[in-house]
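Engineer: protein_9.pdb (PDB, C-alpha atoms, pLDDT in the B column) pasted underneath:
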ATOM      1  CA  MET A   1      95.633 -25.199-252.296  1.00 52.00           C
ATOM      2  CA  SER A   2      94.654 -27.619-249.525  1.00 61.00           C
ATOM      3  CA  ASN A   3      97.052 -28.511-246.728  1.00 74.00           C
ATOM      4  CA  THR A   4      95.987 -32.130-246.276  1.00 82.00           C
ATOM      5  CA  ILE A   5      95.338 -35.030-248.568  1.00 87.00           C
ATOM      6  CA  GLU A   6      91.946 -36.706-248.239  1.00 90.00           C
ATOM      7  CA  PHE A   7      92.227 -40.491-247.955  1.00 92.00           C
ATOM      8  CA  THR A   8      89.553 -43.162-247.816  1.00 91.00           C
ATOM      9  CA  PRO A   9      89.367 -45.329-244.669  1.00 92.00           C
ATOM     10  CA  ARG A  10      91.081 -48.231-246.478  1.00 92.00           C
ATOM     11  CA  GLU A  11      93.882 -45.932-247.661  1.00 91.00           C
ATOM     12  CA  LYS A  12      94.323 -44.599-244.123  1.00 91.00           C
ATOM     13  CA  MET A  13      94.481 -48.170-242.806  1.00 90.00           C
ATOM     14  CA  LEU A  14      97.185 -49.087-245.334  1.00 89.00           C
ATOM     15  CA  ILE A  15      99.213 -45.945-244.611  1.00 89.00           C
ATOM     16  CA  ASN A  16      99.027 -46.513-240.854  1.00 88.00           C
ATOM     17  CA  TYR A  17      99.936 -50.180-241.279  1.00 85.00           C
ATOM     18  CA  TYR A  18     103.072 -49.442-243.283  1.00 83.00           C
ATOM     19  CA  CYS A  19     104.087 -46.499-241.069  1.00 85.00           C
ATOM     20  CA  ASP A  20     104.117 -48.743-237.978  1.00 79.00           C
ATOM     21  CA  ARG A  21     107.257 -50.877-238.076  1.00 76.00           C
ATOM     22  CA  GLN A  22     105.916 -53.186-235.368  1.00 75.00           C
ATOM     23  CA  LEU A  23     103.039 -54.218-237.639  1.00 71.00           C
ATOM     24  CA  SER A  24     104.690 -54.255-241.036  1.00 69.00           C
ATOM     25  CA  GLY A  25     108.227 -55.123-240.008  1.00 68.00           C
ATOM     26  CA  GLY A  26     110.183 -57.809-241.768  1.00 70.00           C
ATOM     27  CA  ARG A  27     109.980 -60.393-239.010  1.00 74.00           C
ATOM     28  CA  ARG A  28     106.221 -60.734-239.123  1.00 71.00           C
ATOM     29  CA  GLY A  29     106.045 -61.004-242.897  1.00 73.00           C
ATOM     30  CA  LEU A  30     109.062 -63.284-243.030  1.00 81.00           C
ATOM     31  CA  ALA A  31     107.607 -65.613-240.396  1.00 82.00           C
ATOM     32  CA  SER A  32     104.423 -65.967-242.426  1.00 82.00           C
ATOM     33  CA  GLN A  33     106.358 -66.668-245.623  1.00 84.00           C
ATOM     34  CA  ILE A  34     108.528 -69.243-243.899  1.00 87.00           C
ATOM     35  CA  LEU A  35     105.514 -70.899-242.288  1.00 88.00           C
ATOM     36  CA  PHE A  36     103.695 -71.323-245.595  1.00 87.00           C
ATOM     37  CA  THR A  37     106.855 -72.633-247.260  1.00 88.00           C
ATOM     38  CA  VAL A  38     108.356 -74.950-244.657  1.00 92.00           C
ATOM     39  CA  VAL A  39     105.156 -76.628-243.459  1.00 92.00           C
ATOM     40  CA  PRO A  40     104.142 -77.842-246.960  1.00 93.00           C
ATOM     41  CA  LEU A  41     107.692 -79.135-247.437  1.00 92.00           C
ATOM     42  CA  ILE A  42     107.408 -81.024-244.163  1.00 94.00           C
ATOM     43  CA  CYS A  43     104.074 -82.430-245.340  1.00 93.00           C
ATOM     44  CA  ALA A  44     105.696 -83.552-248.598  1.00 92.00           C
ATOM     45  CA  ALA A  45     108.534 -85.191-246.660  1.00 94.00           C
ATOM     46  CA  LEU A  46     105.999 -87.020-244.477  1.00 93.00           C
ATOM     47  CA  PHE A  47     104.218 -88.169-247.634  1.00 93.00           C
ATOM     48  CA  PHE A  48     107.425 -89.688-248.994  1.00 92.00           C
ATOM     49  CA  TRP A  49     108.431 -91.088-245.630  1.00 93.00           C
ATOM     50  CA  HIS A  50     105.096 -92.628-244.590  1.00 91.00           C
ATOM     51  CA  GLY A  51     103.542 -93.035-248.016  1.00 89.00           C
ATOM     52  CA  GLU A  52     100.198 -91.591-246.923  1.00 90.00           C
ATOM     53  CA  SER A  53      98.671 -89.376-249.579  1.00 91.00           C
ATOM     54  CA  ALA A  54      96.853 -87.241-246.975  1.00 93.00           C
ATOM     55  CA  TRP A  55     100.119 -85.436-246.201  1.00 92.00           C
ATOM     56  CA  ILE A  56     100.656 -84.286-249.766  1.00 93.00           C
ATOM     57  CA  PHE A  57      97.069 -83.031-249.957  1.00 94.00           C
ATOM     58  CA  VAL A  58      97.532 -81.013-246.769  1.00 93.00           C
ATOM     59  CA  GLY A  59     100.776 -79.521-248.090  1.00 93.00           C
ATOM     60  CA  TYR A  60      99.192 -78.716-251.433  1.00 94.00           C
ATOM     61  CA  ALA A  61      96.158 -77.163-249.712  1.00 95.00           C
ATOM     62  CA  LEU A  62      98.432 -74.906-247.656  1.00 93.00           C
ATOM     63  CA  LEU A  63     100.265 -73.769-250.772  1.00 93.00           C
ATOM     64  CA  LEU A  64      96.985 -73.102-252.582  1.00 94.00           C
ATOM     65  CA  TYR A  65      95.679 -71.168-249.585  1.00 94.00           C
ATOM     66  CA  ARG A  66      98.776 -68.957-249.560  1.00 92.00           C
ATOM     67  CA  VAL A  67      98.608 -68.319-253.301  1.00 92.00           C
ATOM     68  CA  GLY A  68      94.907 -67.482-253.030  1.00 95.00           C
ATOM     69  CA  GLN A  69      95.528 -65.181-250.084  1.00 91.00           C
ATOM     70  CA  THR A  70      98.290 -63.357-251.940  1.00 90.00           C
ATOM     71  CA  LEU A  71      96.222 -62.971-255.109  1.00 94.00           C
ATOM     72  CA  TRP A  72      93.172 -61.779-253.182  1.00 94.00           C
ATOM     73  CA  SER A  73      95.088 -59.177-251.201  1.00 89.00           C
ATOM     74  CA  GLY A  74      96.686 -57.977-254.432  1.00 91.00           C
ATOM     75  CA  ILE A  75      93.280 -57.592-256.051  1.00 92.00           C
ATOM     76  CA  VAL A  76      91.755 -55.870-253.030  1.00 89.00           C
ATOM     77  CA  TYR A  77      94.580 -53.466-252.229  1.00 90.00           C
ATOM     78  CA  ASN A  78      95.953 -52.693-255.699  1.00 92.00           C
ATOM     79  CA  ASN A  79      93.491 -49.862-256.361  1.00 91.00           C
ATOM     80  CA  SER A  80      94.070 -48.387-252.906  1.00 92.00           C
ATOM     81  CA  PHE A  81      97.848 -48.337-253.345  1.00 92.00           C
ATOM     82  CA  SER A  82      97.499 -46.761-256.793  1.00 93.00           C
ATOM     83  CA  SER A  83      95.179 -44.112-255.388  1.00 93.00           C
ATOM     84  CA  ILE A  84      97.547 -43.320-252.501  1.00 93.00           C
ATOM     85  CA  PHE A  85     100.478 -42.823-254.883  1.00 94.00           C
ATOM     86  CA  GLU A  86      98.409 -40.701-257.278  1.00 94.00           C
ATOM     87  CA  LYS A  87      97.290 -38.440-254.418  1.00 93.00           C
ATOM     88  CA  TYR A  88     100.852 -38.032-253.127  1.00 92.00           C
ATOM     89  CA  GLU A  89     102.152 -37.289-256.635  1.00 94.00           C
ATOM     90  CA  ALA A  90      99.425 -34.676-257.171  1.00 92.00           C
ATOM     91  CA  ARG A  91     100.287 -33.070-253.824  1.00 92.00           C
ATOM     92  CA  ILE A  92     103.997 -33.007-254.704  1.00 92.00           C
ATOM     93  CA  LYS A  93     103.200 -31.313-258.025  1.00 93.00           C
ATOM     94  CA  GLU A  94     101.083 -28.721-256.185  1.00 91.00           C
ATOM     95  CA  LEU A  95     103.935 -27.994-253.786  1.00 90.00           C
ATOM     96  CA  GLU A  96     106.491 -27.771-256.603  1.00 92.00           C
ATOM     97  CA  ALA A  97     104.225 -25.360-258.514  1.00 91.00           C
ATOM     98  CA  ALA A  98     103.796 -23.236-255.391  1.00 89.00           C
ATOM     99  CA  LYS A  99     107.559 -23.223-254.868  1.00 88.00           C
ATOM    100  CA  GLU A 100     108.143 -22.095-258.464  1.00 89.00           C
ATOM    101  CA  GLU A 101     105.565 -19.317-258.103  1.00 88.00           C
ATOM    102  CA  SER A 102     107.212 -18.020-254.927  1.00 85.00           C
ATOM    103  CA  LYS A 103     110.606 -17.579-256.613  1.00 76.00           C
TER
END
Using structure tokens, write down the structure from this file.
Structural biologist:
Amino acid sequence: MSNTIEFTPREKMLINYYCDRQLSGGRRGLASQILFTVVPLICAALFFWHGESAWIFVGYALLLYRVGQTLWSGIVYNNSFSSIFEKYEARIKELEAAKEESK
């Protein structure tokens, strides 16, 4: 039975990111969500106020960028998250089996 779990560099990066509250804390993620929600709304308001179609295109482009970014990160990191959880679950089963054997 090994004492450590072997992770790939990407898995280590994700684990370290989510272990550090300064990096993954709610404020940083919330600020990004608010930014990509409020700014397109402001662009839409400017479109209705000034009547220039450029504003609505900018707002729509920002929304499309955010959706694309979210989908891409989901595609890229989904396998890594699944692998991390599978490795932890396997390690937990090993430890539970060792605990049962020691009784």
Engineer: Given the file above and the PyMOL selection byres ((chain A and resi 10-14) around 10), which residues are selected, and can you give them as a short mmCIF file (atom, residue, chain, number, x, y, z; two decimals) with C-alpha atoms, in the frame of the given file?
Structural biologist:
data_model
loop_
_atom_site.label_atom_id
_atom_site.label_comp_id
_atom_site.auth_asym_id
_atom_site.auth_seq_id
_atom_site.Cartn_x
_atom_site.Cartn_y
_atom_site.Cartn_z
CA GLU A 6 91.95 -36.71 -248.24
CA PHE A 7 92.23 -40.49 -247.96
CA THR A 8 89.55 -43.16 -247.82
CA PRO A 9 89.37 -45.33 -244.67
CA ILE A 15 99.21 -45.94 -244.61
CA ASN A 16 99.03 -46.51 -240.85
CA TYR A 17 99.94 -50.18 -241.28
CA TYR A 18 103.07 -49.44 -243.28
CA CYS A 19 104.09 -46.50 -241.07
CA TYR A 77 94.58 -53.47 -252.23
CA ASN A 79 93.49 -49.86 -256.36
CA SER A 80 94.07 -48.39 -252.91
CA PHE A 81 97.85 -48.34 -253.34
CA SER A 82 97.50 -46.76 -256.79
CA SER A 83 95.18 -44.11 -255.39
CA ILE A 84 97.55 -43.32 -252.50
#
Engineer: So how many Å separate CA of Val39 in chain A and CA of Tyr60 in chain A, to one decimal?
Structural biologist: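 Those two atoms sit 10.2 Å apart.
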Engineer: Return the single residue from A:Thr70, A:Glu94, A:Phe85, A:Glu101 that is closest to Ser32 in chain A, with distances computed using all atoms listed in the file.
Structural biologist: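 Checking each candidate against Ser32 in chain A, we get A:Thr70 as the closest.
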Engineer: Could you tell me which of A:Arg21, A:Phe36, A:Trp49, A:Asn3 comes closest to Tyr65 in chain A if we count all atoms listed in the file?
Structural biologist: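 For Tyr65 in chain A, the nearest of the candidates is A:Phe36.
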Engineer: How many Å separate CA of Ala61 in chain A from CA of Val76 in chain A?
Structural biologist: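 CA of Val76 in chain A lies at a distance of 22.0 Å from CA of Ala61 in chain A.
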Engineer: Go through A:Gly68, A:Glu100, A:Lys87, A:Leu62 one by one, measure the shortest atom-to-atom distance of each to Thr37 in chain A using all atoms listed in the file, and give the residue with the smallest value.
Structural biologist: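 Counting all atoms listed in the file, the residue closest to Thr37 in chain A is A:Leu62.
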Engineer: Find the residue from A:Leu95, A:Val67, A:Leu46, A:Ile5 that sits nearest to Gln33 in chain A; use all atoms listed in the file when measuring.
Structural biologist: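 Closest candidate: A:Val67.
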Engineer: Just give me the gap between CA of Leu30 in chain A and CA of Gln69 in chain A in Å, one decimal is fine.
Structural biologist: 15.4 Å
Engineer: Box for range 17-28 of chain A - axis-aligned, 3 Å on each of the six sides, all listed atoms - centre and size in Å to one decimal, as lines of an AutoDock Vina configuration file.
Structural biologist:
center_x = 105.1
center_y = -53.6
center_z = -239.3
size_x = 16.2
size_y = 20.2
size_z = 13.9
